[in-house]
$ cat model-v1.cif   # mmCIF, C-alpha atoms
data_model
loop_
_atom_site.label_atom_id
_atom_site.label_comp_id
_atom_site.auth_asym_id
_atom_site.auth_seq_id
_atom_site.Cartn_x
_atom_site.Cartn_y
_atom_site.Cartn_z
CA MET U 3 -14.24 20.26 26.40
CA HIS U 4 -16.40 18.51 23.81
CA LYS U 5 -17.02 14.90 22.84
CA ALA U 6 -18.94 13.69 19.81
CA ASP U 7 -21.45 11.60 21.80
CA SER U 8 -22.16 14.32 24.37
CA ILE U 9 -25.54 14.14 26.13
CA TYR U 10 -25.77 17.91 25.72
CA ASP U 11 -26.98 19.92 22.72
CA ASP U 12 -23.50 20.65 21.41
CA GLU U 13 -22.69 21.41 17.78
CA PRO U 14 -19.12 22.77 17.81
CA ASP U 15 -19.57 25.20 14.93
CA LYS U 16 -22.86 26.55 16.31
CA VAL U 17 -23.45 26.10 20.04
CA TYR U 18 -21.93 24.82 23.29
CA ASP U 19 -24.29 23.63 26.04
CA PHE U 20 -22.98 24.02 29.61
CA PRO U 21 -24.16 24.17 33.28
CA ARG U 22 -24.33 27.21 35.55
CA SER U 23 -21.04 26.31 37.26
CA TYR U 24 -19.16 27.46 34.13
CA LEU U 25 -21.26 30.57 33.43
CA LYS U 26 -18.71 33.08 34.74
CA ALA U 27 -15.78 31.57 32.82
CA VAL U 28 -17.73 31.25 29.55
CA SER U 29 -19.22 34.74 29.86
CA GLU U 30 -15.72 36.16 30.17
CA ALA U 31 -14.93 34.55 26.82
CA VAL U 32 -17.65 36.35 24.85
CA ASP U 33 -16.07 38.06 21.81
CA ASP U 34 -12.95 35.97 22.35
CA TRP U 35 -11.58 32.74 20.93
CA ILE U 36 -11.81 29.24 22.39
CA ILE U 37 -10.14 25.92 21.61
CA TYR U 38 -12.07 22.65 21.60
CA TYR U 39 -10.62 19.70 23.48
CA GLU U 40 -11.71 16.06 23.43
CA PRO U 41 -11.44 14.32 26.81
CA VAL U 42 -9.26 11.23 27.08
CA LYS U 43 -12.19 8.84 27.58
CA ALA U 44 -13.90 10.12 24.40
CA GLY U 45 -11.06 9.58 21.94
CA ARG U 46 -7.55 10.43 20.81
CA ARG U 47 -8.01 13.82 19.20
CA GLY U 48 -6.88 16.10 22.03
CA TYR U 49 -7.23 19.72 20.83
CA PHE U 50 -9.12 19.71 17.53
CA ALA U 51 -10.71 23.07 16.60
CA VAL U 52 -10.95 26.79 17.30
CA ALA U 53 -13.95 29.14 17.34
CA LYS U 54 -15.15 32.48 18.72
CA ILE U 55 -18.01 32.90 21.20
CA GLY U 56 -20.51 35.50 20.06
CA GLU U 57 -23.12 35.37 22.81
CA VAL U 58 -24.20 33.46 25.93
CA ILE U 59 -27.90 32.87 26.61
CA ALA U 60 -29.98 30.84 29.06
CA LYS U 61 -31.02 27.53 27.53
CA PRO U 62 -34.75 27.78 26.76
CA GLY U 63 -36.87 25.59 29.01
CA VAL U 64 -33.96 24.12 30.99
CA GLU U 65 -33.17 25.50 34.44
CA GLY U 66 -29.49 25.97 35.24
CA ARG U 67 -28.15 25.41 31.72
CA TYR U 68 -26.76 27.91 29.22
CA LEU U 69 -25.76 28.07 25.58
CA ALA U 70 -22.60 29.66 24.20
CA LEU U 71 -23.48 30.68 20.64
CA ILE U 72 -20.55 30.47 18.24
CA GLU U 73 -20.02 33.54 16.08
CA PRO U 74 -20.85 32.52 12.48
CA GLY U 75 -17.84 32.02 10.27
CA THR U 76 -15.32 31.56 13.07
CA TYR U 77 -15.25 27.79 13.69
CA LEU U 78 -12.23 26.12 12.10
CA PRO U 79 -11.03 22.53 12.62
CA PHE U 80 -7.32 22.03 13.12
CA ASP U 81 -5.37 20.71 10.15
CA ARG U 82 -4.07 18.06 12.53
CA SER U 83 -5.37 17.29 15.99
CA VAL U 84 -2.94 18.45 18.67
CA PRO U 85 -1.83 15.81 21.23
CA ARG U 86 -2.54 16.54 24.88
CA LEU U 87 1.14 16.14 25.75
CA GLN U 88 4.23 17.51 24.06
CA GLY U 89 7.45 15.78 25.11
CA GLY U 90 5.59 14.28 28.06
CA SER U 91 4.32 17.66 29.33
CA PRO U 92 0.81 19.16 28.97
CA LEU U 93 0.45 22.01 26.48
CA GLU U 94 -1.68 23.84 29.05
CA THR U 95 0.43 25.45 31.76
CA ALA U 96 -2.32 24.95 34.36
CA LEU U 97 -2.26 21.18 33.82
CA ALA U 98 1.47 20.75 34.47
CA GLU U 99 3.35 20.18 37.71
CA PRO U 100 6.48 22.32 38.36
CA ASP U 101 8.63 19.55 36.87
CA GLY U 102 6.48 19.49 33.71
CA SER U 103 4.72 16.22 34.47
CA PRO U 104 0.92 16.08 34.05
CA LYS U 105 -1.27 16.95 37.02
CA LYS U 106 -3.97 14.56 38.16
CA GLY U 107 -7.49 15.66 39.06
CA GLY U 108 -8.36 19.29 39.78
CA ALA U 109 -8.25 21.52 36.69
CA VAL U 110 -7.80 18.48 34.44
CA GLN U 111 -11.43 17.54 35.09
CA LEU U 112 -12.90 20.94 34.25
CA ALA U 113 -15.02 21.07 31.09
CA VAL U 114 -14.21 24.80 30.70
CA ARG U 115 -10.72 26.08 31.45
CA ARG U 116 -9.16 29.51 31.09
CA LEU U 117 -6.33 29.42 28.58
CA PRO U 118 -3.43 31.92 28.74
CA GLU U 119 -2.65 33.61 25.42
CA ARG U 120 0.74 31.92 25.27
CA ASP U 121 -0.84 28.46 25.59
CA PHE U 122 -3.50 29.40 23.02
CA ALA U 123 -0.86 30.48 20.48
CA ARG U 124 1.27 27.40 21.15
CA ILE U 125 -1.62 24.99 20.54
CA LEU U 126 -2.78 26.91 17.48
CA ASP U 127 0.69 26.93 15.91
CA ILE U 128 0.69 23.14 16.03
CA GLY U 129 -2.91 22.59 14.90
CA LEU U 130 -3.06 25.37 12.30
CA PRO U 131 0.53 26.20 11.32
CA GLU U 132 1.10 29.68 9.96
CA ASP U 133 2.64 28.30 6.76
CA LEU U 134 -0.36 26.04 5.97
CA GLU U 135 -0.96 27.84 2.67
CA GLN U 136 2.61 27.18 1.59
CA ILE U 137 2.39 23.58 2.79
CA GLU U 138 -0.63 23.07 0.55
CA ALA U 139 0.87 24.95 -2.42
CA THR U 140 4.14 23.02 -2.35
CA GLN U 141 2.96 19.61 -1.16
CA TYR U 142 3.05 18.17 -4.68
CA ASP U 143 5.76 20.49 -6.05
CA PRO U 144 9.34 19.41 -5.29
CA HIS U 145 10.66 22.77 -6.56
CA PRO U 146 8.78 25.61 -4.82
CA SER U 147 9.22 29.05 -6.35
CA ASP U 148 11.32 31.83 -4.82
CA MET U 149 8.09 33.74 -4.21
CA GLN U 150 6.76 30.94 -2.02
CA ASP U 151 10.06 30.85 -0.09
CA GLN U 152 9.86 34.58 0.56
CA ALA U 153 6.23 34.38 1.68
CA ALA U 154 7.19 31.99 4.48
CA VAL U 155 9.43 34.62 6.07
CA PHE U 156 6.54 36.92 6.97
CA ARG U 157 4.92 35.91 10.27
CA ARG U 158 1.24 36.72 10.52
CA PRO U 159 -0.36 37.38 13.92
CA VAL U 160 -2.38 34.44 15.23
CA LEU U 161 -5.78 36.15 15.01
CA GLU U 162 -5.12 37.49 11.52
CA ARG U 163 -4.47 33.92 10.44
CA LEU U 164 -7.83 32.81 11.84
CA THR U 165 -9.79 35.53 10.05
CA ARG U 166 -8.11 35.54 6.61
CA ARG U 167 -10.42 33.93 4.07
CA PRO U 168 -7.60 32.50 1.90
CA TYR U 169 -6.07 30.75 4.92
CA ARG U 170 -9.44 29.40 6.05
CA ASP U 171 -10.22 28.16 2.53
CA VAL U 172 -7.01 26.15 2.46
CA ALA U 173 -7.67 24.68 5.93
CA PHE U 174 -11.26 23.78 4.96
CA ARG U 175 -10.21 22.23 1.65
CA ARG U 176 -7.54 20.07 3.26
CA LYS U 177 -9.86 18.70 5.96
CA VAL U 178 -12.80 17.97 3.64
CA ARG U 179 -10.72 16.23 0.96
CA GLU U 180 -8.97 14.16 3.63
CA ALA U 181 -12.28 13.19 5.27
CA TYR U 182 -13.60 11.82 1.95
CA GLY U 183 -10.36 10.04 1.09
CA TYR U 184 -9.74 12.45 -1.82
CA ARG U 185 -12.67 10.83 -3.63
CA CYS U 186 -15.71 12.62 -5.10
CA ALA U 187 -18.71 11.95 -2.87
CA ILE U 188 -21.17 11.89 -5.80
CA SER U 189 -19.28 10.26 -8.68
CA GLY U 190 -16.96 8.11 -6.59
CA LEU U 191 -14.03 9.14 -8.79
CA TYR U 192 -10.53 9.28 -7.33
CA LEU U 193 -8.41 11.48 -9.58
CA ARG U 194 -4.87 12.85 -9.24
CA ASN U 195 -2.88 14.83 -11.77
CA GLY U 196 0.58 13.90 -13.05
CA GLY U 197 2.24 15.39 -9.98
CA GLY U 198 -0.02 13.49 -7.59
CA ARG U 199 -2.19 16.48 -6.67
CA PRO U 200 -5.80 15.41 -5.92
CA GLU U 201 -8.26 16.93 -8.39
CA VAL U 202 -11.25 16.69 -6.03
CA GLN U 203 -12.48 20.02 -4.62
CA ALA U 204 -14.15 21.00 -1.34
CA ALA U 205 -17.65 22.49 -1.59
CA HIS U 206 -19.43 24.35 1.20
CA ILE U 207 -22.96 22.96 1.56
CA LYS U 208 -24.23 26.17 3.12
CA PRO U 209 -22.11 28.96 1.58
CA VAL U 210 -19.91 31.16 3.74
CA GLU U 211 -21.80 34.25 2.53
CA HIS U 212 -24.95 32.73 4.06
CA GLN U 213 -23.19 32.13 7.40
CA GLY U 214 -22.13 28.61 6.53
CA SER U 215 -19.26 27.34 8.66
CA ASP U 216 -15.89 25.81 7.78
CA SER U 217 -16.77 22.63 9.63
CA VAL U 218 -16.18 19.40 7.69
CA ARG U 219 -19.87 18.71 8.33
CA ASN U 220 -20.63 21.67 6.08
CA GLY U 221 -18.50 20.31 3.27
CA LEU U 222 -18.54 17.81 0.42
CA ALA U 223 -15.61 16.55 -1.65
CA LEU U 224 -16.67 16.95 -5.28
CA SER U 225 -15.14 16.91 -8.73
CA GLY U 226 -15.00 20.27 -10.51
CA THR U 227 -18.12 19.69 -12.64
CA LEU U 228 -20.20 18.36 -9.75
CA HIS U 229 -19.03 21.22 -7.52
CA TRP U 230 -20.29 23.66 -10.16
CA MET U 231 -23.62 21.80 -10.41
CA PHE U 232 -24.03 21.64 -6.63
CA ASP U 233 -23.37 25.37 -6.15
CA ARG U 234 -25.96 26.17 -8.82
CA GLY U 235 -28.65 23.91 -7.42
CA LEU U 236 -28.66 21.40 -10.27
CA ILE U 237 -28.01 18.64 -7.74
CA SER U 238 -28.51 18.27 -4.00
CA VAL U 239 -28.62 15.60 -1.29
CA ALA U 240 -31.77 14.18 0.31
CA GLU U 241 -32.23 13.37 3.99
CA ASP U 242 -31.42 9.71 3.29
CA MET U 243 -28.19 10.73 1.50
CA SER U 244 -29.53 9.96 -1.98
CA ILE U 245 -28.56 12.34 -4.79
CA LEU U 246 -31.28 14.69 -6.00
CA VAL U 247 -31.14 15.92 -9.60
CA SER U 248 -33.02 18.82 -11.17
CA ARG U 249 -34.25 16.65 -14.03
CA ASN U 250 -35.68 19.51 -16.09
CA LYS U 251 -32.20 21.10 -16.21
CA VAL U 252 -29.85 18.10 -16.29
CA PRO U 253 -30.06 15.58 -19.19
CA ASN U 254 -30.40 11.93 -18.23
CA ASP U 255 -27.20 10.95 -20.02
CA ALA U 256 -25.28 13.47 -17.91
CA VAL U 257 -26.73 11.89 -14.78
CA ASP U 258 -25.65 8.45 -15.93
CA ARG U 259 -22.08 9.65 -16.54
CA LEU U 260 -21.62 11.72 -13.40
CA ILE U 261 -23.47 10.00 -10.56
CA LEU U 262 -22.83 6.65 -8.90
CA PRO U 263 -25.23 3.91 -10.09
CA ASP U 264 -26.91 3.53 -6.69
CA GLY U 265 -27.53 7.28 -6.53
CA LYS U 266 -26.19 7.52 -2.97
CA LEU U 267 -23.64 9.89 -1.46
CA ARG U 268 -20.31 8.26 -0.56
CA LEU U 269 -19.80 9.21 3.09
CA PRO U 270 -16.55 9.55 5.08
CA GLU U 271 -15.50 6.56 7.17
CA ASP U 272 -15.66 8.71 10.31
CA ALA U 273 -19.32 9.47 11.08
CA ARG U 274 -18.23 12.69 12.82
CA SER U 275 -17.44 14.06 9.34
CA TRP U 276 -20.77 13.20 7.73
CA PRO U 277 -22.75 16.16 6.33
CA HIS U 278 -24.97 17.74 8.96
CA PRO U 279 -28.68 17.20 8.12
CA GLU U 280 -29.46 20.87 8.76
CA ASN U 281 -26.85 22.00 6.24
CA LEU U 282 -28.25 19.63 3.61
CA ARG U 283 -31.78 20.79 4.36
CA TRP U 284 -30.70 24.42 3.91
CA HIS U 285 -29.20 23.58 0.51
CA ARG U 286 -32.34 21.77 -0.62
CA GLU U 287 -34.60 24.62 0.46
CA ASN U 288 -32.47 27.55 -0.70
CA ILE U 289 -30.25 26.41 -3.58
CA PHE U 290 -31.65 23.27 -5.20
CA GLY U 291 -33.71 23.99 -8.31
CA GLN U 292 -33.22 27.76 -8.08
CA TYR U 293 -30.69 28.17 -10.91
CA GLU U 294 -31.99 29.27 -14.29
CA PRO U 295 -29.31 28.91 -17.00
CA GLU U 296 -29.17 31.79 -19.44
CA THR U 297 -28.33 29.62 -22.43
CA GLY U 298 -30.36 26.51 -21.71
CA PRO U 299 -29.83 23.39 -19.60
CA LEU U 300 -26.55 21.66 -18.86
CA ILE U 301 -25.37 19.47 -21.73
#

$ encode --input "model-v1.cif" --output "structure tokens"
Amino acid sequence: MHKADSIYDDEPDKVYDFPRSYLKAVSEAVDDWIIYYEPVKAGRRGYFAVAKIGEVIAKPGVEGRYLALIEPGTYLPFDRSVPRLQGGSPLETALAEPDGSPKKGGAVQLAVRRLPERDFARILDIGLPEDLEQIEATQYDPHPSDMQDQAAVFRRPVLERLTRRPYRDVAFRRKVREAYGYRCAISGLYLRNGGGRPEVQAAHIKPVEHQGSDSVRNGLALSGTLHWMFDRGLISVAEDMSILVSRNKVPNDAVDRLILPDGKLRLPEDARSWPHPENLRWHRENIFGQYEPETGPLI
């Protein structure tokens, strides 16, 4: 169970802070997958993400508290949050009465609950449908190809779906573009092609190959040119969300054409989707200004 304003040191794609009372249950989940759940009092999301626990350690300097460290590259937000109830019944077997009605108290109040594989798969199929790649590929195409129709017939195992990079890329792209309203965060442009497909792309702030996560907070919605510039360190984002430009590599007229006049990043409406400061810091320290073009500066 996780809520955005938790008093604990939680960061869903990195670490989960919990008390000793849940140590046995969480330790049993090491090297296994978990689902994040938002309690009723915290919001409407219900089940909202999946991740894998890599290790459990004692929280430094705090007696009786522990940290579940999330295995890098495993966190993935659901394409759509999964409601707590389906047809009036809880999706978790342990939370339902024999007649299917929701239980009150008891297990419902637990911040860590064991989840049977069947419940896990059921929740995942709703939040991250197995045909998500086809949904994305055909969303703006009223006449999907025969090849796409055939691909939908093959059912991939749940865990294979969670570890396939192409599937994860589609899930990440959909969530980031949606969070930014399909608008480039640096130029402010909102572009769609003739078929209505949004032209904005999703950029990882900290790349996957450097253990960057697929959290929306590690993403930016950018136009193709600005995505290219960001990945090559020609531009970055400061702590105050102003746009940084490698002036010795990017001509001033290019800056004027590509970047919003106030020089500030356009942030998602939901603050929970804002770029994480640590991810931006990593980009500034490891990517920004490092690229040396072979044929001269960007023109």

$ resolve_selection --input "model-v1.cif" --expression "the PyMOL selection byres ((chain U and resi 18-32) around 10)" --output "number ranges by chain"
U: 3-4, 8-17, 33-36, 54-61, 65-73, 112-116

$ atom_distance --input "model-v1.cif" --atom1 "CA of Leu269 in chain U" --atom2 "CA of Ser217 in chain U"
15.2 Å

$ resolve_selection --input "model-v1.cif" --expression "the PyMOL selection byres ((chain U and resi 187-198) around 7)" --output "list in words"
Tyr142, Tyr184, Arg185, Cys186, Arg199, Pro200, Glu201, Val202, Leu222, Ala223, Leu224, Leu260, Ile261, Leu262, Leu267, Arg268 and Leu269 of chain U

$ resolve_selection --input "model-v1.cif" --expression "the PyMOL selection byres ((chain U and resi 126) around 10)" --output "PyMOL selection string"
chain U and resi 37+49-52+80-81+84+120-125+127-132+160+164

$ write_last_selection --input "model-v1.cif" --atoms "C-alpha atoms" --output "short mmCIF file (atom, residue, chain, number, x, y, z; two decimals), in the coordinates of the input"
data_model
loop_
_atom_site.label_atom_id
_atom_site.label_comp_id
_atom_site.auth_asym_id
_atom_site.auth_seq_id
_atom_site.Cartn_x
_atom_site.Cartn_y
_atom_site.Cartn_z
CA ILE U 37 -10.14 25.92 21.61
CA TYR U 49 -7.23 19.72 20.83
CA PHE U 50 -9.12 19.71 17.53
CA ALA U 51 -10.71 23.07 16.60
CA VAL U 52 -10.95 26.79 17.30
CA PHE U 80 -7.32 22.03 13.12
CA ASP U 81 -5.37 20.71 10.15
CA VAL U 84 -2.94 18.45 18.67
CA ARG U 120 0.74 31.92 25.27
CA ASP U 121 -0.84 28.46 25.59
CA PHE U 122 -3.50 29.40 23.02
CA ALA U 123 -0.86 30.48 20.48
CA ARG U 124 1.27 27.40 21.15
CA ILE U 125 -1.62 24.99 20.54
CA ASP U 127 0.69 26.93 15.91
CA ILE U 128 0.69 23.14 16.03
CA GLY U 129 -2.91 22.59 14.90
CA LEU U 130 -3.06 25.37 12.30
CA PRO U 131 0.53 26.20 11.32
CA GLU U 132 1.10 29.68 9.96
CA VAL U 160 -2.38 34.44 15.23
CA LEU U 164 -7.83 32.81 11.84
#

$ closest_residue --input "model-v1.cif" --among "U:Gln111, U:Gln88, U:Ser215, U:Thr76" --to "Tyr39 in chain U" --atoms "all atoms listed in the file"
U:Gln111

$ atom_distance --input "model-v1.cif" --atom1 "CA of Glu94 in chain U" --atom2 "CA of Ser275 in chain U"
27.1 Å

$ atom_distance --input "model-v1.cif" --atom1 "CA of Leu134 in chain U" --atom2 "CA of Arg167 in chain U"
12.9 Å

$ residues_around --input "model-v1.cif" --residues "Lys177 in chain U" --least-positions-apart "3" --cutoff "9 Å" --atoms "all atoms listed in the file" --output "ChimeraX atom specification"
/U:79-82,172-174,180-182,204,217-218

$ closest_atom_pairs --input "model-v1.cif" --of "range 112-227 of chain U" --to "range 232-241 of chain U" --cutoff "9 Å" --atoms "only C-alpha atoms" --output "tab-separated table"
residue	atom	partner	partner_atom	distance
U:Ala205	CA	U:Asp233	CA	7.9
U:His206	CA	U:Asp233	CA	8.4
U:Ile207	CA	U:Asp233	CA	8.1
U:Pro209	CA	U:Asp233	CA	8.6
U:Leu224	CA	U:Phe232	CA	8.8
U:Thr227	CA	U:Phe232	CA	8.7

$ closest_residue --input "model-v1.cif" --among "U:Glu162, U:Asp264, U:Asp272, U:Asp101" --to "Val178 in chain U" --atoms "only C-alpha atoms"
U:Asp272

$ residues_around --input "model-v1.cif" --residues "Thr95 in chain U" --least-positions-apart "3" --cutoff "10 Å" --atoms "all atoms listed in the file" --output "CSV table (one decimal) with C-alpha atoms, keeping the file's coordinate frame"
chain,number,residue,atom,x,y,z
U,91,SER,CA,4.3,17.7,29.3
U,92,PRO,CA,0.8,19.2,29.0
U,98,ALA,CA,1.5,20.8,34.5
U,99,GLU,CA,3.4,20.2,37.7
U,100,PRO,CA,6.5,22.3,38.4
U,102,GLY,CA,6.5,19.5,33.7
U,104,PRO,CA,0.9,16.1,34.0
U,117,LEU,CA,-6.3,29.4,28.6
U,118,PRO,CA,-3.4,31.9,28.7
U,120,ARG,CA,0.7,31.9,25.3
U,121,ASP,CA,-0.8,28.5,25.6

$ closest_residue --input "model-v1.cif" --among "U:Ile289, U:Ala96, U:Leu282, U:Val257" --to "Gly108 in chain U" --atoms "all atoms listed in the file"
U:Ala96
